[in-house]
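Everything below concerns the one structure shown next.
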Protein chains: 2
Amino acid sequence: MAYELYYWDGLQGRGEFIRLALEEAGAPYVDVARREESGGTAAMMRLLQKAGDQVRPFAPPFLKDGEFIVSQVANILFYLGLKLGLAPADEGLRFAANGLQLTIADLVAEAHDTHHPISSALYYEEQKEAAKARSAAFLGTRLPKFLEYFEQVLQRNGGVWTVGNHLTYVDLSLFQAVEGLSYAFPRAMAGFAARYPGLAALHDKVRQRPNIARYLASDRRLAFNETGIFRHYPELDQDAS
Amino acid sequence: MAYELYYWDGLQGRGEFIRLALEEAGAPYVDVARREESGGTAAMMRLLQKAGDQVRPFAPPFLKDGEFIVSQVANILFYLGLKLGLAPADEGLRFAANGLQLTIADLVAEAHDTHHPISSALYYEEQKEAAKARSAAFLGTRLPKFLEYFEQVLQRNGGVWTVGNHLTYVDLSLFQAVEGLSYAFPRAMAGFAARYPGLAALHDKVRQRPNIARYLASDRRLAFNETGIFRHYPELDQDAS
């Protein structure tokens, strides 16, 4: 049976981390809210209100595997990783992978808050001054700290994959983080490949995986836009320090 | 061998979610950074810089079990939950527990950002105006949404425990979240027990567990203060809407 992915239509957002895992593995899935025939956004909202016998999710994305519902990106990837061959075989390394994925989740949340530092319920334009201050702190201090960390983890693991000795969902998520950051902050990310050669090589390697390349060229991959996590507002960008 | 918990000295912070699990289970552990004889903060900083053959953690808290290192609160609790009998026996429910724990992590991150909406590297006083705006949005919209969610999850599970049919680390973490929110936002939390009877009863039940009660009365439990996640700044508090 096909997996059912539930996420907002019209943006990559947090759902994209799940899509990349499903696409890399060639797993059958339905992107429920994006398809009229699967019930669209209304079907997602029904499950968010009342999830049958399951614990209902707090927010999208969530995944339905038969009757089983899993929510929160890192949790979904922990679950799917084993099923799709995208997790390390060693149990200890699976906890290392989950720790790394949660650190990516922290980076993603901080990237989101650069344009919404006060409230997700307000428009960007209503919090623009705070957004400028938060972006300056993010690009000046936090982003380099995260990228240096992942670069070091990658290099200490031999420089090819982030954890273990084959591709995992952590590599896919780092690819997506680099994609998003490059879209949102082209000035801050200029020279990225020279400063973080391992991450840049990993990004290229993931992009060239046959299933990923096919996915990126398909209409299933939405373009980045200003409703997602990674938004390009030139006034928030700045040169790398 | 005793578990080694690594977290900043002087505050409850994110380390407290781990301490409560270790204390409830009566598991032997060393709170490394708080003890001179275990090397104090310097021992923690050494592992943060270079963690031997393990993936080094991005930030505290992290747990060392023999040579094995696990980082990120939800990941540590996922790992410890099984070992300490604080996770559901059913595998599906363990993923439900992890999803709930990650939702608590989101709530905790948002509670932190009420006083640091711009940057953790700046003092609260330097971002006070943005903090007021973020707190108003948090207390007006986000906090009720989180609490209603957890109340509903609890009620739908029978009203006694959050997930499964015995106490889990999710219950302990919800106890701590309620403790912290009550300290930080006494006005917003006034009438909490009437509005969220299930959560209030759960909070009482956890507080009365013999091991938890002993822990809370010991000097191992630090008081809340204005260096932690949950800080009481009266100017950020407001009546429940």
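We label chains A, B, ... in the order they appear in the structure tokens, count residues from 1 in each chain, and number ligands from 1 in the order shown.
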Inset, instruction - Please identify every residue of chain A that has at least one atom no more than 7 Å from any atom of chain B, counting only C-alpha atoms, and report them as a list of chain:residue names. - result: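 Within 7 Å of chain B on chain A, we get A:Val55, A:Phe58, A:Val70, A:Ser71, A:Gln72, A:Asn75, A:Phe95, A:Ala96, A:Asn98, A:Gly99, A:Leu102, A:Pro117, A:Ile118, A:Ser119, A:Ala130, A:Ala133, A:Arg134, A:Ala137, A:Tyr149, A:Val153.
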Go ahead and write the residues just picked, N, CA, C and O atoms, as a JSON list (two decimals), in the first residue's frame.
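Below you can see result.json, which holds the result:
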```
[["chain", "number", "residue", "atom", "x", "y", "z"],
["A", 55, "VAL", "N", -3.07, 8.74, 17.93],
["A", 55, "VAL", "CA", -2.78, 10.05, 18.49],
["A", 55, "VAL", "C", -2.81, 11.05, 17.34],
["A", 55, "VAL", "O", -2.10, 10.88, 16.35],
["A", 58, "PHE", "N", -0.12, 17.22, 15.89],
["A", 58, "PHE", "CA", -0.28, 18.63, 16.23],
["A", 58, "PHE", "C", -0.32, 19.48, 14.97],
["A", 58, "PHE", "O", -1.03, 20.47, 14.90],
["A", 70, "VAL", "N", 2.30, 8.72, 11.83],
["A", 70, "VAL", "CA", 3.52, 9.21, 12.47],
["A", 70, "VAL", "C", 3.64, 10.70, 12.17],
["A", 70, "VAL", "O", 3.45, 11.12, 11.03],
["A", 71, "SER", "N", 3.98, 11.50, 13.19],
["A", 71, "SER", "CA", 4.10, 12.94, 12.99],
["A", 71, "SER", "C", 5.47, 13.44, 13.42],
["A", 71, "SER", "O", 6.19, 12.74, 14.13],
["A", 72, "GLN", "N", 5.79, 14.63, 13.02],
["A", 72, "GLN", "CA", 7.07, 15.32, 13.26],
["A", 72, "GLN", "C", 8.15, 14.77, 12.32],
["A", 72, "GLN", "O", 8.42, 13.56, 12.29],
["A", 75, "ASN", "N", 10.79, 12.24, 13.45],
["A", 75, "ASN", "CA", 10.14, 10.99, 13.85],
["A", 75, "ASN", "C", 9.72, 10.19, 12.62],
["A", 75, "ASN", "O", 9.91, 8.97, 12.56],
["A", 95, "PHE", "N", 20.71, 6.18, 16.42],
["A", 95, "PHE", "CA", 20.51, 7.27, 17.39],
["A", 95, "PHE", "C", 21.39, 8.48, 17.04],
["A", 95, "PHE", "O", 20.99, 9.63, 17.23],
["A", 96, "ALA", "N", 22.58, 8.21, 16.50],
["A", 96, "ALA", "CA", 23.42, 9.33, 16.03],
["A", 96, "ALA", "C", 22.71, 10.06, 14.89],
["A", 96, "ALA", "O", 22.69, 11.29, 14.84],
["A", 98, "ASN", "N", 19.48, 10.21, 14.32],
["A", 98, "ASN", "CA", 18.35, 10.96, 14.86],
["A", 98, "ASN", "C", 18.81, 12.24, 15.55],
["A", 98, "ASN", "O", 18.18, 13.30, 15.41],
["A", 99, "GLY", "N", 19.93, 12.18, 16.27],
["A", 99, "GLY", "CA", 20.48, 13.38, 16.90],
["A", 99, "GLY", "C", 20.85, 14.42, 15.86],
["A", 99, "GLY", "O", 20.59, 15.62, 16.02],
["A", 102, "LEU", "N", 17.68, 15.95, 14.34],
["A", 102, "LEU", "CA", 17.07, 16.93, 15.24],
["A", 102, "LEU", "C", 17.86, 18.23, 15.25],
["A", 102, "LEU", "O", 17.30, 19.31, 15.47],
["A", 117, "PRO", "N", 10.12, 36.25, 13.36],
["A", 117, "PRO", "CA", 10.66, 36.19, 14.72],
["A", 117, "PRO", "C", 9.63, 36.46, 15.80],
["A", 117, "PRO", "O", 9.83, 36.09, 16.96],
["A", 118, "ILE", "N", 8.53, 37.10, 15.46],
["A", 118, "ILE", "CA", 7.54, 37.49, 16.47],
["A", 118, "ILE", "C", 6.37, 36.52, 16.50],
["A", 118, "ILE", "O", 5.99, 36.01, 17.55],
["A", 119, "SER", "N", 5.79, 36.23, 15.33],
["A", 119, "SER", "CA", 4.61, 35.36, 15.30],
["A", 119, "SER", "C", 4.35, 34.84, 13.90],
["A", 119, "SER", "O", 4.39, 35.60, 12.93],
["A", 130, "ALA", "N", 12.16, 43.37, 13.29],
["A", 130, "ALA", "CA", 12.66, 42.28, 14.12],
["A", 130, "ALA", "C", 13.30, 41.20, 13.24],
["A", 130, "ALA", "O", 14.30, 40.58, 13.61],
["A", 133, "ALA", "N", 16.87, 42.09, 12.43],
["A", 133, "ALA", "CA", 17.77, 41.85, 13.56],
["A", 133, "ALA", "C", 18.03, 40.35, 13.76],
["A", 133, "ALA", "O", 19.16, 39.92, 13.97],
["A", 134, "ARG", "N", 16.96, 39.58, 13.66],
["A", 134, "ARG", "CA", 17.14, 38.14, 13.84],
["A", 134, "ARG", "C", 17.97, 37.53, 12.71],
["A", 134, "ARG", "O", 18.79, 36.65, 12.95],
["A", 137, "ALA", "N", 21.66, 38.14, 13.26],
["A", 137, "ALA", "CA", 22.22, 37.24, 14.27],
["A", 137, "ALA", "C", 22.35, 35.82, 13.73],
["A", 137, "ALA", "O", 23.34, 35.12, 13.96],
["A", 149, "TYR", "N", 29.67, 22.72, 12.17],
["A", 149, "TYR", "CA", 29.40, 21.47, 12.89],
["A", 149, "TYR", "C", 29.17, 20.32, 11.92],
["A", 149, "TYR", "O", 29.80, 19.27, 12.01],
["A", 153, "VAL", "N", 31.41, 16.93, 11.33],
["A", 153, "VAL", "CA", 30.86, 15.58, 11.51],
["A", 153, "VAL", "C", 31.10, 14.75, 10.24],
["A", 153, "VAL", "O", 31.53, 13.60, 10.30]]
```
Inset, instruction - Just give me the gap between atom CA of A:Leu22 and atom CA of A:Ala2 in Å, one decimal is fine. - result: 10.5 Å
Inset, instruction - Assign secondary structure with DSSP using the backbone only, and return the residues of stretch 66-189 of chain A in alpha helix (DSSP H) as a ChimeraX atom specification. - result: /A:73-84,91-115,128-137,143-156,169-184,186-189
I'd like the neighbourhood of A:Leu80 as a tab-separated table (two decimals) with N, CA and C atoms, in the first residue's frame, where a residue qualifies if any of its atoms comes within 9 Å (using only C-alpha atoms), though same-chain residues fewer than 4 positions away should be ignored.
```tsv
chain	number	residue	atom	x	y	z
A	18	ILE	N	10.55	14.78	3.93
A	18	ILE	CA	9.93	13.45	3.82
A	18	ILE	C	9.88	13.04	2.35
A	21	ALA	N	13.09	11.56	1.00
A	21	ALA	CA	13.34	10.17	1.42
A	21	ALA	C	12.49	9.20	0.60
A	22	LEU	N	11.22	9.53	0.43
A	22	LEU	CA	10.33	8.65	-0.34
A	22	LEU	C	10.79	8.56	-1.80
A	75	ASN	N	10.79	12.24	13.45
A	75	ASN	CA	10.14	10.99	13.85
A	75	ASN	C	9.72	10.19	12.62
A	76	ILE	N	9.18	10.88	11.62
A	76	ILE	CA	8.78	10.21	10.37
A	76	ILE	C	10.01	9.61	9.69
A	84	LEU	N	12.91	2.02	4.49
A	84	LEU	CA	13.34	2.38	3.13
A	84	LEU	C	14.84	2.16	2.91
A	85	GLY	N	15.54	1.62	3.91
A	85	GLY	CA	16.98	1.42	3.74
A	85	GLY	C	17.76	2.72	3.76
A	86	LEU	N	17.22	3.73	4.44
A	86	LEU	CA	17.89	5.03	4.48
A	86	LEU	C	18.39	5.37	5.88
A	87	ALA	N	18.45	4.36	6.75
A	87	ALA	CA	19.00	4.55	8.09
A	87	ALA	C	20.25	3.68	8.22
A	169	TYR	N	18.95	9.24	5.38
A	169	TYR	CA	18.04	10.39	5.30
A	169	TYR	C	18.68	11.67	5.82
```
Legend entry - Residue contacts of B:Tyr215 (7 Å, only C-alpha atoms) excluding same-chain residues fewer than 5 positions away, as number ranges by chain: B: 23, 220-221
Legend entry - Residue neighbourhood stretch 178-183 of chain B, 7 Å, only C-alpha atoms, exclusion window fewer than 3 positions, as a PyMOL selection string: chain B and resi 174-175+186+189+230+232
Restrict the selected residues to all heavy atoms and save them as a short mmCIF file (atom, residue, chain, number, x, y, z; two decimals), in the first residue's frame.
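Below is the file that was written, part.cif:
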```cif
data_model
loop_
_atom_site.label_atom_id
_atom_site.label_comp_id
_atom_site.auth_asym_id
_atom_site.auth_seq_id
_atom_site.Cartn_x
_atom_site.Cartn_y
_atom_site.Cartn_z
N LEU B 174 5.66 16.61 30.24
CA LEU B 174 4.51 17.52 30.35
C LEU B 174 4.45 18.13 31.74
O LEU B 174 4.13 19.31 31.90
CB LEU B 174 3.21 16.78 30.02
CG LEU B 174 2.92 16.62 28.53
CD1 LEU B 174 1.65 15.78 28.32
CD2 LEU B 174 2.75 17.98 27.83
N PHE B 175 4.76 17.33 32.76
CA PHE B 175 4.85 17.86 34.13
C PHE B 175 5.82 19.04 34.15
O PHE B 175 5.51 20.12 34.66
CB PHE B 175 5.32 16.76 35.09
CG PHE B 175 5.87 17.28 36.39
CD1 PHE B 175 5.02 17.64 37.43
CD2 PHE B 175 7.25 17.44 36.57
CE1 PHE B 175 5.54 18.14 38.63
CE2 PHE B 175 7.77 17.94 37.75
CZ PHE B 175 6.91 18.29 38.79
N PRO B 186 2.67 33.26 35.51
CA PRO B 186 1.61 32.98 36.49
C PRO B 186 0.25 33.58 36.10
O PRO B 186 -0.78 32.97 36.36
CB PRO B 186 2.15 33.58 37.79
CG PRO B 186 3.25 34.51 37.39
CD PRO B 186 3.82 33.95 36.11
N MET B 189 -1.23 31.47 33.31
CA MET B 189 -1.54 30.11 33.75
C MET B 189 -2.58 30.10 34.87
O MET B 189 -2.97 29.02 35.33
CB MET B 189 -0.26 29.40 34.20
CG MET B 189 0.73 29.11 33.06
SD MET B 189 0.13 27.85 31.86
CE MET B 189 0.52 26.33 32.76
N PHE B 230 12.56 28.79 31.06
CA PHE B 230 11.34 29.40 31.61
C PHE B 230 11.74 30.51 32.58
O PHE B 230 12.22 30.25 33.67
CB PHE B 230 10.51 28.33 32.34
CG PHE B 230 10.05 27.21 31.45
CD1 PHE B 230 10.64 25.96 31.52
CD2 PHE B 230 9.04 27.41 30.52
CE1 PHE B 230 10.21 24.91 30.70
CE2 PHE B 230 8.60 26.38 29.69
CZ PHE B 230 9.19 25.13 29.78
N HIS B 232 10.81 34.21 34.56
CA HIS B 232 9.70 35.07 34.98
C HIS B 232 10.07 36.54 34.84
O HIS B 232 10.77 37.11 35.68
CB HIS B 232 9.32 34.76 36.44
CG HIS B 232 8.18 35.62 36.91
ND1 HIS B 232 7.00 35.75 36.20
CD2 HIS B 232 8.04 36.43 37.99
CE1 HIS B 232 6.20 36.58 36.82
NE2 HIS B 232 6.80 37.02 37.90
#
```
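If you count only C-alpha atoms and ignore residues fewer than 3 places along the chain from B:Ala33, what sits within 10 Å of it is Glu4, Leu5, Tyr6, Tyr7, Trp8, Asp9, Gly10, Val30, Glu36, Glu37, Ser38, Gly39, Gly40, Thr41, Ala42, Ala43, Met44 and Met45 of chain B.
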